[in-house]
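my_file.cif (mmCIF, C-alpha atoms)
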```
data_work
loop_
_atom_site.label_atom_id
_atom_site.label_comp_id
_atom_site.auth_asym_id
_atom_site.auth_seq_id
_atom_site.Cartn_x
_atom_site.Cartn_y
_atom_site.Cartn_z
CA MET T 1 46.41 -4.38 59.23
CA ALA T 2 42.75 -5.39 59.52
CA VAL T 3 42.06 -2.11 61.30
CA LEU T 4 44.24 -0.04 59.00
CA VAL T 5 42.91 -1.43 55.74
CA GLY T 6 39.68 -3.28 56.49
CA LEU T 7 37.71 -0.65 58.42
CA PRO T 8 38.32 2.21 55.99
CA ALA T 9 37.43 -0.08 53.09
CA VAL T 10 34.16 -1.12 54.72
CA ASP T 11 33.39 2.48 55.66
CA PHE T 12 34.12 3.64 52.15
CA ALA T 13 31.62 1.15 50.74
CA PHE T 14 28.89 2.59 52.97
CA ALA T 15 30.14 6.18 52.95
CA ALA T 16 27.37 8.73 53.17
CA GLY T 17 27.29 11.76 50.95
CA GLU T 18 27.30 9.95 47.63
CA GLU T 19 23.58 10.25 46.93
CA PRO T 20 22.38 13.63 45.68
CA GLY T 21 20.77 15.58 48.49
CA GLU T 22 22.08 13.20 51.14
CA TYR T 23 25.14 14.43 52.92
CA LEU T 24 27.07 13.22 55.89
CA ASP T 25 26.79 15.35 58.99
CA ARG T 26 30.24 16.63 59.89
CA ARG T 27 29.03 17.51 63.40
CA VAL T 28 28.14 13.87 64.10
CA LEU T 29 31.36 12.57 62.56
CA ILE T 30 33.67 15.01 64.32
CA TRP T 31 32.02 14.83 67.76
CA ASN T 32 31.85 11.03 67.55
CA LEU T 33 35.57 10.94 66.89
CA PHE T 34 36.09 13.26 69.83
CA TYR T 35 34.05 11.06 72.21
CA LYS T 36 35.81 7.88 71.02
CA MET T 37 39.23 9.45 71.51
CA MET T 38 38.25 10.72 74.96
CA THR T 39 37.06 7.22 75.91
CA VAL T 40 40.36 5.71 74.78
CA ALA T 41 42.34 8.45 76.55
CA PHE T 42 40.52 8.11 79.88
CA ILE T 43 40.58 4.31 79.92
CA THR T 44 44.28 4.25 79.02
CA GLY T 45 44.98 6.93 81.60
CA SER T 46 43.20 5.09 84.38
CA VAL T 47 44.80 1.72 83.55
CA VAL T 48 48.31 3.22 83.43
CA SER T 49 47.93 5.34 86.55
CA GLY T 50 46.17 2.48 88.36
CA THR T 51 49.08 0.15 87.55
CA ILE T 52 51.61 2.68 88.81
CA ILE T 53 49.65 3.29 92.02
CA TRP T 54 49.35 -0.47 92.62
CA GLN T 55 53.09 -0.97 92.01
CA VAL T 56 54.03 1.79 94.44
CA TRP T 57 51.65 0.33 97.05
CA ARG T 58 52.69 -3.32 96.55
CA PHE T 59 56.46 -2.88 96.30
CA ARG T 60 56.96 -0.40 99.13
CA GLU T 61 59.50 -1.49 101.75
CA SER T 62 56.86 -1.68 104.46
CA HIS T 63 54.56 -4.04 102.58
CA PRO T 64 54.02 -7.27 104.61
CA LYS T 65 55.17 -9.41 101.68
CA ALA T 66 58.15 -7.25 100.73
CA LYS T 67 61.37 -9.17 100.14
CA PRO T 68 64.82 -7.61 99.87
CA THR T 69 66.29 -7.86 96.41
CA ARG T 70 69.78 -9.11 95.83
CA TYR T 71 70.87 -5.54 95.14
CA GLU T 72 70.20 -4.17 98.58
CA GLY T 73 71.30 -4.87 102.14
CA THR T 74 69.45 -7.28 104.43
CA ASP T 75 69.18 -5.14 107.49
CA TRP T 76 65.80 -6.40 108.46
CA MET X 77 69.14 -11.88 83.41
CA GLY X 78 68.50 -15.59 83.15
CA GLY X 79 65.21 -17.08 84.28
CA HIS X 80 63.46 -13.76 84.00
CA SER X 81 60.15 -13.60 82.16
CA ASN X 82 59.27 -10.48 80.23
CA TRP X 83 55.96 -11.45 78.62
CA PRO X 84 54.03 -8.71 80.44
CA GLU X 85 56.22 -6.15 78.71
CA TRP X 86 55.51 -7.64 75.31
CA ILE X 87 51.80 -7.60 76.03
CA TYR X 88 52.11 -3.96 77.07
CA VAL X 89 53.97 -3.12 73.84
CA ALA X 90 51.35 -4.95 71.75
CA VAL X 91 48.47 -3.17 73.48
CA VAL X 92 50.11 0.24 72.93
CA ILE X 93 50.73 -0.50 69.24
CA ALA X 94 47.16 -1.78 68.77
CA LEU X 95 45.67 1.29 70.46
CA MET X 96 47.78 3.72 68.46
CA THR X 97 46.92 1.92 65.23
CA TRP X 98 43.21 2.04 66.03
CA VAL X 99 43.28 5.70 67.06
CA GLY X 100 45.23 6.58 63.91
CA ALA X 101 42.85 4.63 61.65
CA GLU X 102 39.75 6.23 63.20
CA ALA X 103 41.15 9.74 62.89
CA TRP X 104 42.37 9.16 59.35
CA GLU X 105 39.00 7.78 58.29
CA ALA X 106 37.04 10.64 59.86
CA GLU X 107 39.30 13.15 58.15
CA ARG X 108 38.91 11.40 54.80
CA LEU X 109 35.10 11.42 55.06
CA VAL X 110 34.94 15.04 56.18
CA GLU X 111 37.23 16.19 53.37
CA HIS X 112 35.20 14.48 50.64
CA VAL X 113 33.28 17.36 49.02
CA PRO X 114 29.96 16.28 47.44
CA ALA X 115 29.93 16.72 43.67
CA ASP X 116 26.82 18.93 43.72
CA ALA X 117 28.11 21.35 46.38
CA GLU X 118 27.72 25.05 45.58
CA THR X 119 30.86 27.10 45.90
CA ILE X 120 30.96 30.16 48.13
CA ILE X 121 34.12 32.26 48.13
CA VAL X 122 34.87 33.44 51.66
CA THR X 123 37.28 36.33 52.04
CA GLY X 124 38.59 37.38 55.41
CA GLN X 125 40.10 40.81 55.99
CA GLN X 126 40.55 43.07 58.97
CA TRP X 127 37.91 42.84 60.35
CA PHE X 128 35.01 41.40 58.40
CA TRP X 129 33.98 38.49 56.19
CA THR X 130 32.85 38.77 52.58
CA PHE X 131 30.92 35.97 50.87
CA GLU X 132 30.58 35.58 47.12
CA HIS X 133 28.03 33.12 45.75
CA GLU X 134 28.29 31.26 42.44
CA ASP X 135 25.94 33.74 40.75
CA GLY X 136 28.19 36.64 41.72
CA THR X 137 26.03 37.87 44.62
CA LYS X 138 28.15 39.28 47.43
CA GLU X 139 27.31 39.57 51.09
CA ILE X 140 29.25 41.22 53.87
CA GLY X 141 28.99 40.02 57.45
CA GLU X 142 26.08 37.75 56.72
CA LEU X 143 25.59 34.64 54.68
CA HIS X 144 22.29 33.25 53.39
CA VAL X 145 22.14 29.57 52.45
CA GLU X 146 19.35 27.05 51.88
CA VAL X 147 18.61 24.08 54.04
CA GLY X 148 19.37 20.65 52.55
CA LYS X 149 22.02 21.87 50.11
CA ALA X 150 25.76 21.30 50.30
CA TYR X 151 28.12 24.25 50.17
CA LYS X 152 31.83 24.33 49.58
CA PHE X 153 33.67 27.31 51.05
CA GLU X 154 36.82 28.53 49.34
CA VAL X 155 38.46 30.42 52.16
CA MET X 156 41.06 33.11 51.54
CA SER X 157 42.46 36.22 53.17
CA LYS X 158 43.39 39.68 51.91
CA ASP X 159 45.76 40.66 54.70
CA VAL X 160 46.71 38.56 57.71
CA ASN X 161 45.82 35.06 58.89
CA HIS X 162 42.20 34.59 59.92
CA SER X 163 40.16 31.49 60.60
CA PHE X 164 36.63 31.00 59.31
CA ASN X 165 34.43 29.37 61.91
CA ILE X 166 30.76 28.38 62.07
CA HIS X 167 30.78 26.86 65.51
CA ASP X 168 27.35 25.22 65.41
CA TYR X 169 28.23 23.27 62.26
CA VAL X 170 31.83 22.48 63.27
CA VAL X 171 33.16 24.38 60.28
CA LEU X 172 36.67 25.69 60.89
CA MET X 173 39.23 26.62 58.27
CA ASP X 174 42.20 28.97 58.27
CA ALA X 175 42.15 31.92 55.90
CA ILE X 176 45.73 32.46 54.77
CA PRO X 177 46.96 35.17 52.37
CA GLY X 178 48.01 33.59 49.07
CA ARG X 179 46.18 30.32 49.69
CA VAL X 180 42.72 28.94 49.00
CA ASN X 181 41.57 26.46 51.65
CA THR X 182 38.36 24.53 51.23
CA VAL X 183 35.81 23.20 53.68
CA TRP X 184 32.22 22.12 53.09
CA PHE X 185 29.02 21.66 55.04
CA ALA X 186 25.35 20.91 54.50
CA PRO X 187 22.93 22.74 56.82
CA ASP X 188 20.08 20.46 57.87
CA ALA X 189 17.78 22.84 59.71
CA VAL X 190 16.48 26.37 59.29
CA GLY X 191 18.06 28.80 61.72
CA GLU X 192 20.59 31.48 62.51
CA HIS X 193 24.13 30.72 63.55
CA ASP X 194 27.19 32.72 64.50
CA ILE X 195 30.15 33.10 62.20
CA GLN X 196 33.38 34.24 63.80
CA CYS X 197 37.09 34.64 63.27
CA ARG X 198 38.98 32.03 65.23
CA GLU X 199 42.54 33.25 64.71
CA TYR X 200 43.74 36.40 66.45
CA CYS X 201 44.04 38.93 63.65
CA GLY X 202 44.48 42.29 65.30
CA LEU X 203 42.67 44.91 67.35
CA ILE X 204 39.06 44.19 66.32
CA HIS X 205 39.49 40.42 66.01
CA TYR X 206 36.96 39.91 68.81
CA ASN X 207 34.28 41.59 66.72
CA MET X 208 35.06 39.97 63.36
CA ARG X 209 31.72 38.24 63.39
CA GLY X 210 28.93 37.39 61.00
CA THR X 211 25.64 35.57 60.89
CA LEU X 212 24.70 32.49 58.95
CA TYR X 213 21.04 32.40 57.90
CA VAL X 214 19.83 28.95 56.90
CA GLU X 215 16.58 29.39 55.00
CA GLU X 216 13.92 27.27 53.32
CA PRO X 217 14.73 26.41 49.69
CA SER X 218 13.45 29.10 47.33
CA HIS X 219 12.17 26.55 44.79
#
```

Please re-express this file's structure in structure tokens.
Amino acid sequence: MAVLVGLPAVDFAFAAGEEPGEYLDRRVLIWNLFYKMMTVAFITGSVVSGTIIWQVWRFRESHPKAKPTRYEGTDW
Amino acid sequence: MGGHSNWPEWIYVAVVIALMTWVGAEAWEAERLVEHVPADAETIIVTGQQWFWTFEHEDGTKEIGELHVEVGKAYKFEVMSKDVNHSFNIHDYVVLMDAIPGRVNTVWFAPDAVGEHDIQCREYCGLIHYNMRGTLYVEEPSH
């Protein structure tokens, strides 16, 4: 809620473009948003894919610490 | 499933919700700021038709294929179309708005430097779409 309500309220108080002759630069605003979203997307992507890669590596049958679960046979 | 801890899943859910909330708030805020037209913006009526742009200033002056504006002023474009869907685009100023028959869409910008910039149609609108271009001339204020 702090993010949803607080940030826009603070931004609104300092919003550019209210003074005559002083306008916000849509290029800066739009490209900033783009770079922020790309940062979020790449960090999220690397964390998620890193977790999946680690899980596949750690829980493979041939891992030295692998233990059979109760759902499978105990052939080894 | 007794004795089984699922706190990592709850942390995962919380992180996803927090990220989506933040992304949504940022995008919503940027959109709100960009859509807020300054009160002193001059209106320019932009008409798209196969395959050229017409610009009409507040004083009634019309230009075809080129648009002259003054640096440091804000301009509001009222974008419309006479035939099919077009899209009015000034790439260098990140201005992009669809021109739809029967609708008036608005977008504004404030050029901050003297120069020439390309205007183009960004929605496929027929055979000569590729050449539905114009030039934006940003000039020193006349007074």

Exercise for review: Taking the file as shown, find all residues satisfying the PyMOL selection byres ((chain X) within 8 of (chain T)) and write them as a ChimeraX atom specification.
Suggested key: /X:97-99,101-103,105-106,109-110,114,116,148-150,169-170,185-186

Review point. What is the distance, in Å and to one decimal place, between CA of Arg209 in chain X and CA of Asn161 in chain X?
Key: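 Here the two named atoms are 15.1 Å from each other.
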
Exercise for review: Might you spell out which residues the PyMOL selection byres ((chain X and resi 184) around 8) would select in the displayed file, as JSON, numbers by chain?
Suggested key: {"X": [111, 113, 117, 150, 151, 152, 153, 171, 182, 183, 185, 186]}

Who sits within 12 Å of range 47-50 of chain T, all atoms listed in the file, same chain under 6 positions skipped, as a PDB file with C-alpha atoms, keeping the file's coordinate frame:
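To be explicit, this is the file written out as selection25.pdb:
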```pdb
ATOM      1  CA  VAL T  40      40.360   5.710  74.780  1.00  0.00           C
ATOM      2  CA  ALA T  41      42.340   8.450  76.550  1.00  0.00           C
ATOM      3  CA  VAL T  56      54.030   1.790  94.440  1.00  0.00           C
ATOM      4  CA  TRP T  57      51.650   0.330  97.050  1.00  0.00           C
ATOM      5  CA  ARG T  58      52.690  -3.320  96.550  1.00  0.00           C
TER       6      ARG T  58
ATOM      7  CA  TYR X  88      52.110  -3.960  77.070  1.00  0.00           C
ATOM      8  CA  VAL X  91      48.470  -3.170  73.480  1.00  0.00           C
ATOM      9  CA  VAL X  92      50.110   0.240  72.930  1.00  0.00           C
TER      10      VAL X  92
END
```

Starting from the shown file, work through the PyMOL selection byres ((chain X and resi 123-138) around 12) and note down what comes out as a short mmCIF file (atom, residue, chain, number, x, y, z; two decimals) with C-alpha atoms, keeping the file's coordinate frame.
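Resulting contents of out04.cif:
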```cif
data_model
loop_
_atom_site.label_atom_id
_atom_site.label_comp_id
_atom_site.auth_asym_id
_atom_site.auth_seq_id
_atom_site.Cartn_x
_atom_site.Cartn_y
_atom_site.Cartn_z
CA ALA X 117 28.11 21.35 46.38
CA GLU X 118 27.72 25.05 45.58
CA THR X 119 30.86 27.10 45.90
CA ILE X 120 30.96 30.16 48.13
CA ILE X 121 34.12 32.26 48.13
CA VAL X 122 34.87 33.44 51.66
CA GLU X 139 27.31 39.57 51.09
CA ILE X 140 29.25 41.22 53.87
CA GLY X 141 28.99 40.02 57.45
CA GLU X 142 26.08 37.75 56.72
CA LEU X 143 25.59 34.64 54.68
CA HIS X 144 22.29 33.25 53.39
CA VAL X 145 22.14 29.57 52.45
CA TYR X 151 28.12 24.25 50.17
CA LYS X 152 31.83 24.33 49.58
CA PHE X 153 33.67 27.31 51.05
CA GLU X 154 36.82 28.53 49.34
CA VAL X 155 38.46 30.42 52.16
CA MET X 156 41.06 33.11 51.54
CA SER X 157 42.46 36.22 53.17
CA LYS X 158 43.39 39.68 51.91
CA ASP X 159 45.76 40.66 54.70
CA VAL X 160 46.71 38.56 57.71
CA ASN X 161 45.82 35.06 58.89
CA HIS X 162 42.20 34.59 59.92
CA SER X 163 40.16 31.49 60.60
CA PHE X 164 36.63 31.00 59.31
CA ASN X 165 34.43 29.37 61.91
CA MET X 173 39.23 26.62 58.27
CA ASP X 174 42.20 28.97 58.27
CA ALA X 175 42.15 31.92 55.90
CA ILE X 176 45.73 32.46 54.77
CA PRO X 177 46.96 35.17 52.37
CA GLY X 178 48.01 33.59 49.07
CA ARG X 179 46.18 30.32 49.69
CA VAL X 180 42.72 28.94 49.00
CA ASN X 181 41.57 26.46 51.65
CA THR X 182 38.36 24.53 51.23
CA ILE X 195 30.15 33.10 62.20
CA GLN X 196 33.38 34.24 63.80
CA CYS X 197 37.09 34.64 63.27
CA ARG X 198 38.98 32.03 65.23
CA GLU X 199 42.54 33.25 64.71
CA TYR X 200 43.74 36.40 66.45
CA CYS X 201 44.04 38.93 63.65
CA GLY X 202 44.48 42.29 65.30
CA LEU X 203 42.67 44.91 67.35
CA ILE X 204 39.06 44.19 66.32
CA HIS X 205 39.49 40.42 66.01
CA TYR X 206 36.96 39.91 68.81
CA ASN X 207 34.28 41.59 66.72
CA MET X 208 35.06 39.97 63.36
CA ARG X 209 31.72 38.24 63.39
CA GLY X 210 28.93 37.39 61.00
CA THR X 211 25.64 35.57 60.89
CA LEU X 212 24.70 32.49 58.95
#
```

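Take CA of Glu215 in chain X and CA of Asp188 in chain X: the distance between them is 10.0 Å.
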
Review point. What is the CA of Gly100 in chain X-CA of His167 in chain X distance in Å, reported with one decimal?
Key: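 One can read the CA of Gly100 in chain X to CA of His167 in chain X distance as 25.0 Å.
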
Once 6 Å is added on each side, what are the centre and the three edge lengths, in Å to one decimal, of the axis-aligned box enclosing the listed atoms of range 135-153 of chain X? Present them as lines of an AutoDock Vina configuration file.
```
center_x = 26.1
center_y = 30.9
center_z = 49.1
size_x = 27.1
size_y = 32.6
size_z = 28.7
```

Range 158-172 of chain X rebuilt with N, CA and C atoms, output as a PDB file, in the coordinates of the input:
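Resulting contents of selection_31.pdb:
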```
ATOM      1  N   LYS X 158      42.777  38.567  52.648  1.00  0.00           N
ATOM      2  CA  LYS X 158      43.390  39.680  51.910  1.00  0.00           C
ATOM      3  C   LYS X 158      44.567  40.291  52.646  1.00  0.00           C
ATOM      4  N   ASP X 159      44.691  39.991  53.966  1.00  0.00           N
ATOM      5  CA  ASP X 159      45.760  40.660  54.700  1.00  0.00           C
ATOM      6  C   ASP X 159      46.537  39.704  55.610  1.00  0.00           C
ATOM      7  N   VAL X 160      45.984  39.404  56.760  1.00  0.00           N
ATOM      8  CA  VAL X 160      46.710  38.560  57.710  1.00  0.00           C
ATOM      9  C   VAL X 160      45.969  37.225  57.848  1.00  0.00           C
ATOM     10  N   ASN X 161      46.493  36.336  58.674  1.00  0.00           N
ATOM     11  CA  ASN X 161      45.820  35.060  58.890  1.00  0.00           C
ATOM     12  C   ASN X 161      44.525  35.274  59.687  1.00  0.00           C
ATOM     13  N   HIS X 162      43.453  34.648  59.179  1.00  0.00           N
ATOM     14  CA  HIS X 162      42.200  34.590  59.920  1.00  0.00           C
ATOM     15  C   HIS X 162      41.794  33.117  59.983  1.00  0.00           C
ATOM     16  N   SER X 163      40.679  32.850  60.630  1.00  0.00           N
ATOM     17  CA  SER X 163      40.160  31.490  60.600  1.00  0.00           C
ATOM     18  C   SER X 163      38.641  31.560  60.569  1.00  0.00           C
ATOM     19  N   PHE X 164      38.069  30.949  59.540  1.00  0.00           N
ATOM     20  CA  PHE X 164      36.630  31.000  59.310  1.00  0.00           C
ATOM     21  C   PHE X 164      35.948  29.919  60.127  1.00  0.00           C
ATOM     22  N   ASN X 165      35.020  30.329  60.988  1.00  0.00           N
ATOM     23  CA  ASN X 165      34.430  29.370  61.910  1.00  0.00           C
ATOM     24  C   ASN X 165      32.912  29.542  62.010  1.00  0.00           C
ATOM     25  N   ILE X 166      32.190  28.444  61.731  1.00  0.00           N
ATOM     26  CA  ILE X 166      30.760  28.380  62.070  1.00  0.00           C
ATOM     27  C   ILE X 166      30.675  27.327  63.159  1.00  0.00           C
ATOM     28  N   HIS X 167      30.634  27.783  64.389  1.00  0.00           N
ATOM     29  CA  HIS X 167      30.780  26.860  65.510  1.00  0.00           C
ATOM     30  C   HIS X 167      29.717  25.787  65.527  1.00  0.00           C
ATOM     31  N   ASP X 168      28.455  26.176  65.294  1.00  0.00           N
ATOM     32  CA  ASP X 168      27.350  25.220  65.410  1.00  0.00           C
ATOM     33  C   ASP X 168      27.439  24.084  64.390  1.00  0.00           C
ATOM     34  N   TYR X 169      28.099  24.322  63.277  1.00  0.00           N
ATOM     35  CA  TYR X 169      28.230  23.270  62.260  1.00  0.00           C
ATOM     36  C   TYR X 169      29.643  22.684  62.208  1.00  0.00           C
ATOM     37  N   VAL X 170      30.452  22.987  63.186  1.00  0.00           N
ATOM     38  CA  VAL X 170      31.830  22.480  63.270  1.00  0.00           C
ATOM     39  C   VAL X 170      32.586  22.740  61.963  1.00  0.00           C
ATOM     40  N   VAL X 171      32.402  23.969  61.457  1.00  0.00           N
ATOM     41  CA  VAL X 171      33.160  24.380  60.280  1.00  0.00           C
ATOM     42  C   VAL X 171      34.297  25.269  60.780  1.00  0.00           C
ATOM     43  N   LEU X 172      35.521  24.914  60.439  1.00  0.00           N
ATOM     44  CA  LEU X 172      36.670  25.690  60.890  1.00  0.00           C
ATOM     45  C   LEU X 172      37.782  25.552  59.860  1.00  0.00           C
TER      46      LEU X 172
END
```
